[in-house]
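Source file: model-v6.pdb. Holds: PDB, C-alpha atoms.
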ATOM      1  CA  SER A   1      67.570 115.919  78.177  1.00  0.00           C
ATOM      2  CA  PRO A   2      67.696 116.486  74.383  1.00  0.00           C
ATOM      3  CA  VAL A   3      69.770 114.179  72.208  1.00  0.00           C
ATOM      4  CA  VAL A   4      72.789 116.002  70.771  1.00  0.00           C
ATOM      5  CA  SER A   5      74.593 113.238  68.894  1.00  0.00           C
ATOM      6  CA  VAL A   6      74.302 109.683  67.657  1.00  0.00           C
ATOM      7  CA  THR A   7      77.458 107.801  66.761  1.00  0.00           C
ATOM      8  CA  ASP A   8      77.694 104.407  65.085  1.00  0.00           C
ATOM      9  CA  THR A   9      80.543 102.533  66.738  1.00  0.00           C
ATOM     10  CA  GLY A  10      81.227 100.648  63.528  1.00  0.00           C
ATOM     11  CA  GLY A  11      82.392  97.545  65.380  1.00  0.00           C
ATOM     12  CA  GLN A  12      81.148  93.992  65.208  1.00  0.00           C
ATOM     13  CA  SER A  13      78.604  94.717  67.948  1.00  0.00           C
ATOM     14  CA  LYS A  14      76.830  97.183  65.609  1.00  0.00           C
ATOM     15  CA  SER A  15      76.016  99.427  68.538  1.00  0.00           C
ATOM     16  CA  ILE A  16      75.079 103.093  68.495  1.00  0.00           C
ATOM     17  CA  VAL A  17      76.089 105.596  71.158  1.00  0.00           C
ATOM     18  CA  LEU A  18      73.482 108.224  71.961  1.00  0.00           C
ATOM     19  CA  ARG A  19      74.673 111.359  73.822  1.00  0.00           C
ATOM     20  CA  THR A  20      72.366 113.861  75.508  1.00  0.00           C
ATOM     21  CA  ALA A  21      72.840 117.555  76.260  1.00  0.00           C
ATOM     22  CA  ASP A  22      73.650 116.799  79.894  1.00  0.00           C
ATOM     23  CA  GLY A  23      76.575 114.598  78.806  1.00  0.00           C
ATOM     24  CA  LYS A  24      74.991 111.218  79.491  1.00  0.00           C
ATOM     25  CA  THR A  25      75.594 108.437  76.994  1.00  0.00           C
ATOM     26  CA  GLU A  26      73.761 105.222  76.277  1.00  0.00           C
ATOM     27  CA  GLU A  27      74.761 102.368  73.997  1.00  0.00           C
ATOM     28  CA  LEU A  28      71.867 101.005  71.943  1.00  0.00           C
ATOM     29  CA  GLU A  29      71.245  98.579  69.100  1.00  0.00           C
ATOM     30  CA  HIS A  30      68.766 100.727  67.164  1.00  0.00           C
ATOM     31  CA  ILE A  31      67.690 104.372  67.021  1.00  0.00           C
ATOM     32  CA  ILE A  32      64.412 105.750  65.684  1.00  0.00           C
ATOM     33  CA  PHE A  33      64.326 109.488  65.028  1.00  0.00           C
ATOM     34  CA  ALA A  34      60.876 110.960  65.744  1.00  0.00           C
ATOM     35  CA  CYS A  35      61.677 114.430  64.451  1.00  0.00           C
ATOM     36  CA  HIS A  36      62.066 116.390  61.226  1.00  0.00           C
ATOM     37  CA  SER A  37      64.824 115.352  58.865  1.00  0.00           C
ATOM     38  CA  ASP A  38      66.824 118.551  59.450  1.00  0.00           C
ATOM     39  CA  THR A  39      66.890 117.853  63.195  1.00  0.00           C
ATOM     40  CA  ALA A  40      67.925 114.235  62.618  1.00  0.00           C
ATOM     41  CA  LEU A  41      70.692 115.369  60.270  1.00  0.00           C
ATOM     42  CA  LYS A  42      71.984 117.894  62.801  1.00  0.00           C
ATOM     43  CA  ILE A  43      72.160 115.153  65.462  1.00  0.00           C
ATOM     44  CA  LEU A  44      73.853 112.724  63.070  1.00  0.00           C
ATOM     45  CA  LYS A  45      76.423 115.319  61.990  1.00  0.00           C
ATOM     46  CA  GLN A  46      77.458 115.754  65.633  1.00  0.00           C
ATOM     47  CA  GLY A  47      78.331 112.060  65.553  1.00  0.00           C
ATOM     48  CA  ASN A  48      79.562 110.288  62.456  1.00  0.00           C
ATOM     49  CA  CYS A  49      76.982 110.944  59.749  1.00  0.00           C
ATOM     50  CA  THR A  50      77.475 108.893  56.598  1.00  0.00           C
ATOM     51  CA  GLU A  51      77.441 110.436  53.118  1.00  0.00           C
ATOM     52  CA  GLN A  52      74.259 108.494  52.357  1.00  0.00           C
ATOM     53  CA  GLU A  53      72.469 109.796  55.482  1.00  0.00           C
ATOM     54  CA  ASP A  54      73.560 113.348  54.643  1.00  0.00           C
ATOM     55  CA  ARG A  55      72.481 113.049  50.998  1.00  0.00           C
ATOM     56  CA  ILE A  56      69.038 111.624  51.813  1.00  0.00           C
ATOM     57  CA  LEU A  57      68.131 113.776  54.801  1.00  0.00           C
ATOM     58  CA  SER A  58      69.310 117.037  53.228  1.00  0.00           C
ATOM     59  CA  LYS A  59      66.907 116.630  50.271  1.00  0.00           C
ATOM     60  CA  PHE A  60      63.795 117.418  52.319  1.00  0.00           C
ATOM     61  CA  GLU A  61      62.364 120.917  51.981  1.00  0.00           C
ATOM     62  CA  TRP A  62      60.225 122.695  54.554  1.00  0.00           C
ATOM     63  CA  ASN A  63      57.408 125.205  54.410  1.00  0.00           C
ATOM     64  CA  ARG A  64      56.275 127.542  57.123  1.00  0.00           C
ATOM     65  CA  ASN A  65      53.108 126.168  58.745  1.00  0.00           C
ATOM     66  CA  GLU A  66      50.723 127.960  61.021  1.00  0.00           C
ATOM     67  CA  ALA A  67      48.576 126.240  63.640  1.00  0.00           C
ATOM     68  CA  VAL A  68      45.759 127.855  65.550  1.00  0.00           C
ATOM     69  CA  LEU A  69      44.658 126.388  68.864  1.00  0.00           C
ATOM     70  CA  HIS A  70      41.285 127.227  70.290  1.00  0.00           C
ATOM     71  CA  SER A  71      38.908 126.124  72.991  1.00  0.00           C
ATOM     72  CA  TYR A  72      35.624 127.307  71.513  1.00  0.00           C
ATOM     73  CA  PRO A  73      33.170 124.592  72.649  1.00  0.00           C
ATOM     74  CA  ALA A  74      30.702 125.022  69.787  1.00  0.00           C
ATOM     75  CA  VAL A  75      33.361 124.282  67.182  1.00  0.00           C
ATOM     76  CA  SER A  76      34.651 121.294  69.157  1.00  0.00           C
ATOM     77  CA  ASP A  77      31.099 119.884  69.409  1.00  0.00           C
ATOM     78  CA  ILE A  78      30.575 120.255  65.648  1.00  0.00           C
ATOM     79  CA  LEU A  79      33.861 118.458  64.935  1.00  0.00           C
ATOM     80  CA  LEU A  80      32.947 115.624  67.306  1.00  0.00           C
ATOM     81  CA  LEU A  81      29.493 115.250  65.775  1.00  0.00           C
ATOM     82  CA  SER A  82      30.856 115.255  62.222  1.00  0.00           C
ATOM     83  CA  SER A  83      33.499 112.650  63.061  1.00  0.00           C
ATOM     84  CA  ASP A  84      30.829 110.453  64.687  1.00  0.00           C
ATOM     85  CA  PHE A  85      28.724 110.804  61.545  1.00  0.00           C
ATOM     86  CA  LEU A  86      31.650 109.859  59.288  1.00  0.00           C
ATOM     87  CA  GLU A  87      32.476 106.798  61.385  1.00  0.00           C
ATOM     88  CA  ALA A  88      28.829 105.644  61.270  1.00  0.00           C
ATOM     89  CA  SER A  89      28.621 106.063  57.471  1.00  0.00           C
TER      90      SER A  89
END

Rewrite the coordinates I just gave you, this time as structure tokens.
Amino acid sequence: SPVVSVTDTGGQSKSIVLRTADGKTEELEHIIFACHSDTALKILKQGNCTEQEDRILSKFEWNRNEAVLHSYPAVSDILLLSSDFLEAS
């Protein structure tokens, strides 16, 4: 289930409460966000985001990116051969 908020308890235990979309909570010592800064900021703001977290994470800018997936074997073979060549060099 997606994480919807992260809240620092602020106590001596220095624990963090993570809450998911299905309402489950877990108390942890550390959190690592593996997402874009805007997503991390949204999650933090649902908890108790600090001014410093807000200031830093809101400075990132995003561009629209386009990815094309393919399964054309000839291109895949060329990429594999070129990467083998580069590793051998």

- the PyMOL selection byres ((chain A and resi 47) around 9) applied to the shown file, residues as a ChimeraX atom specification: /A:4-8,17-18,43-46,48-49

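Restricting the calculation to only C-alpha atoms, the smallest distance between A:Leu57 and any of A:Thr39, A:Thr20, A:Thr25, A:Lys14 is found for A:Thr39.
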
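Distance-wise, atom CA of A:Ile32 and atom CA of A:Pro2 end up 14.2 Å apart.
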
- Query: At what distance in Å, to one decimal, does atom CA of A:Ile16 lie from atom CA of A:Glu29?
  - Reply: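 Pair atom CA of A:Glu29 / atom CA of A:Ile16 returns 6.0 Å.
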
- Please measure the separation of atom CA of A:His36 and atom CA of A:Arg55, giving the value in Å to one decimal.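 A separation of 15.0 Å between them.
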
Can you give me N, CA and C atoms for stretch 34-67 of chain A, written as a PDB file, keeping the file's coordinate frame?
ATOM      1  N   ALA A  34      62.258 110.469  65.834  1.00  0.00           N
ATOM      2  CA  ALA A  34      60.876 110.960  65.744  1.00  0.00           C
ATOM      3  C   ALA A  34      60.926 112.483  65.689  1.00  0.00           C
ATOM      4  N   CYS A  35      61.495 112.993  64.608  1.00  0.00           N
ATOM      5  CA  CYS A  35      61.677 114.430  64.451  1.00  0.00           C
ATOM      6  C   CYS A  35      61.782 114.733  62.959  1.00  0.00           C
ATOM      7  N   HIS A  36      61.877 116.010  62.622  1.00  0.00           N
ATOM      8  CA  HIS A  36      62.066 116.390  61.226  1.00  0.00           C
ATOM      9  C   HIS A  36      63.443 115.962  60.747  1.00  0.00           C
ATOM     10  N   SER A  37      63.569 115.814  59.448  1.00  0.00           N
ATOM     11  CA  SER A  37      64.824 115.352  58.865  1.00  0.00           C
ATOM     12  C   SER A  37      65.989 116.296  59.147  1.00  0.00           C
ATOM     13  N   ASP A  38      65.731 117.613  59.188  1.00  0.00           N
ATOM     14  CA  ASP A  38      66.824 118.551  59.450  1.00  0.00           C
ATOM     15  C   ASP A  38      67.346 118.403  60.877  1.00  0.00           C
ATOM     16  N   THR A  39      66.465 118.086  61.816  1.00  0.00           N
ATOM     17  CA  THR A  39      66.890 117.853  63.195  1.00  0.00           C
ATOM     18  C   THR A  39      67.685 116.558  63.295  1.00  0.00           C
ATOM     19  N   ALA A  40      67.204 115.516  62.626  1.00  0.00           N
ATOM     20  CA  ALA A  40      67.925 114.235  62.618  1.00  0.00           C
ATOM     21  C   ALA A  40      69.315 114.405  62.014  1.00  0.00           C
ATOM     22  N   LEU A  41      69.400 115.151  60.926  1.00  0.00           N
ATOM     23  CA  LEU A  41      70.692 115.369  60.270  1.00  0.00           C
ATOM     24  C   LEU A  41      71.651 116.132  61.174  1.00  0.00           C
ATOM     25  N   LYS A  42      71.150 117.129  61.868  1.00  0.00           N
ATOM     26  CA  LYS A  42      71.984 117.894  62.801  1.00  0.00           C
ATOM     27  C   LYS A  42      72.548 116.984  63.889  1.00  0.00           C
ATOM     28  N   ILE A  43      71.719 116.092  64.425  1.00  0.00           N
ATOM     29  CA  ILE A  43      72.160 115.153  65.462  1.00  0.00           C
ATOM     30  C   ILE A  43      73.189 114.180  64.895  1.00  0.00           C
ATOM     31  N   LEU A  44      72.920 113.664  63.694  1.00  0.00           N
ATOM     32  CA  LEU A  44      73.853 112.724  63.070  1.00  0.00           C
ATOM     33  C   LEU A  44      75.193 113.375  62.756  1.00  0.00           C
ATOM     34  N   LYS A  45      75.173 114.630  62.324  1.00  0.00           N
ATOM     35  CA  LYS A  45      76.423 115.319  61.990  1.00  0.00           C
ATOM     36  C   LYS A  45      77.290 115.573  63.222  1.00  0.00           C
ATOM     37  N   GLN A  46      76.679 115.615  64.398  1.00  0.00           N
ATOM     38  CA  GLN A  46      77.458 115.754  65.633  1.00  0.00           C
ATOM     39  C   GLN A  46      78.142 114.439  65.988  1.00  0.00           C
ATOM     40  N   GLY A  47      77.706 113.372  65.366  1.00  0.00           N
ATOM     41  CA  GLY A  47      78.331 112.060  65.553  1.00  0.00           C
ATOM     42  C   GLY A  47      79.178 111.740  64.335  1.00  0.00           C
ATOM     43  N   ASN A  48      78.818 110.665  63.670  1.00  0.00           N
ATOM     44  CA  ASN A  48      79.562 110.288  62.456  1.00  0.00           C
ATOM     45  C   ASN A  48      78.589 109.997  61.316  1.00  0.00           C
ATOM     46  N   CYS A  49      77.953 111.016  60.831  1.00  0.00           N
ATOM     47  CA  CYS A  49      76.982 110.944  59.749  1.00  0.00           C
ATOM     48  C   CYS A  49      77.628 110.387  58.486  1.00  0.00           C
ATOM     49  N   THR A  50      76.950 109.435  57.854  1.00  0.00           N
ATOM     50  CA  THR A  50      77.475 108.893  56.598  1.00  0.00           C
ATOM     51  C   THR A  50      77.090 109.804  55.435  1.00  0.00           C
ATOM     52  N   GLU A  51      77.771 109.653  54.310  1.00  0.00           N
ATOM     53  CA  GLU A  51      77.441 110.436  53.118  1.00  0.00           C
ATOM     54  C   GLU A  51      76.022 110.144  52.665  1.00  0.00           C
ATOM     55  N   GLN A  52      75.603 108.881  52.772  1.00  0.00           N
ATOM     56  CA  GLN A  52      74.259 108.494  52.357  1.00  0.00           C
ATOM     57  C   GLN A  52      73.199 109.150  53.249  1.00  0.00           C
ATOM     58  N   GLU A  53      73.405 109.147  54.564  1.00  0.00           N
ATOM     59  CA  GLU A  53      72.469 109.796  55.482  1.00  0.00           C
ATOM     60  C   GLU A  53      72.373 111.287  55.168  1.00  0.00           C
ATOM     61  N   ASP A  54      73.512 111.921  54.959  1.00  0.00           N
ATOM     62  CA  ASP A  54      73.560 113.348  54.643  1.00  0.00           C
ATOM     63  C   ASP A  54      72.818 113.632  53.340  1.00  0.00           C
ATOM     64  N   ARG A  55      73.085 112.839  52.313  1.00  0.00           N
ATOM     65  CA  ARG A  55      72.481 113.049  50.998  1.00  0.00           C
ATOM     66  C   ARG A  55      70.958 112.896  51.064  1.00  0.00           C
ATOM     67  N   ILE A  56      70.477 111.878  51.753  1.00  0.00           N
ATOM     68  CA  ILE A  56      69.038 111.624  51.813  1.00  0.00           C
ATOM     69  C   ILE A  56      68.318 112.658  52.676  1.00  0.00           C
ATOM     70  N   LEU A  57      68.828 112.884  53.875  1.00  0.00           N
ATOM     71  CA  LEU A  57      68.131 113.776  54.801  1.00  0.00           C
ATOM     72  C   LEU A  57      68.190 115.242  54.391  1.00  0.00           C
ATOM     73  N   SER A  58      69.203 115.631  53.637  1.00  0.00           N
ATOM     74  CA  SER A  58      69.310 117.037  53.228  1.00  0.00           C
ATOM     75  C   SER A  58      68.413 117.373  52.035  1.00  0.00           C
ATOM     76  N   LYS A  59      67.774 116.380  51.427  1.00  0.00           N
ATOM     77  CA  LYS A  59      66.907 116.630  50.271  1.00  0.00           C
ATOM     78  C   LYS A  59      65.517 117.129  50.655  1.00  0.00           C
ATOM     79  N   PHE A  60      65.127 116.984  51.907  1.00  0.00           N
ATOM     80  CA  PHE A  60      63.795 117.418  52.319  1.00  0.00           C
ATOM     81  C   PHE A  60      63.722 118.936  52.382  1.00  0.00           C
ATOM     82  N   GLU A  61      62.593 119.484  51.919  1.00  0.00           N
ATOM     83  CA  GLU A  61      62.364 120.917  51.981  1.00  0.00           C
ATOM     84  C   GLU A  61      61.213 121.173  52.947  1.00  0.00           C
ATOM     85  N   TRP A  62      61.227 122.356  53.547  1.00  0.00           N
ATOM     86  CA  TRP A  62      60.225 122.695  54.554  1.00  0.00           C
ATOM     87  C   TRP A  62      59.489 123.958  54.179  1.00  0.00           C
ATOM     88  N   ASN A  63      58.231 124.008  54.568  1.00  0.00           N
ATOM     89  CA  ASN A  63      57.408 125.205  54.410  1.00  0.00           C
ATOM     90  C   ASN A  63      57.006 125.701  55.792  1.00  0.00           C
ATOM     91  N   ARG A  64      56.759 126.975  55.866  1.00  0.00           N
ATOM     92  CA  ARG A  64      56.275 127.542  57.123  1.00  0.00           C
ATOM     93  C   ARG A  64      54.819 127.136  57.295  1.00  0.00           C
ATOM     94  N   ASN A  65      54.476 126.563  58.437  1.00  0.00           N
ATOM     95  CA  ASN A  65      53.108 126.168  58.745  1.00  0.00           C
ATOM     96  C   ASN A  65      52.602 126.976  59.924  1.00  0.00           C
ATOM     97  N   GLU A  66      51.323 127.223  59.916  1.00  0.00           N
ATOM     98  CA  GLU A  66      50.723 127.960  61.021  1.00  0.00           C
ATOM     99  C   GLU A  66      49.614 127.117  61.618  1.00  0.00           C
ATOM    100  N   ALA A  67      49.610 126.993  62.934  1.00  0.00           N
ATOM    101  CA  ALA A  67      48.576 126.240  63.640  1.00  0.00           C
ATOM    102  C   ALA A  67      47.855 127.187  64.587  1.00  0.00           C
TER     103      ALA A  67
END
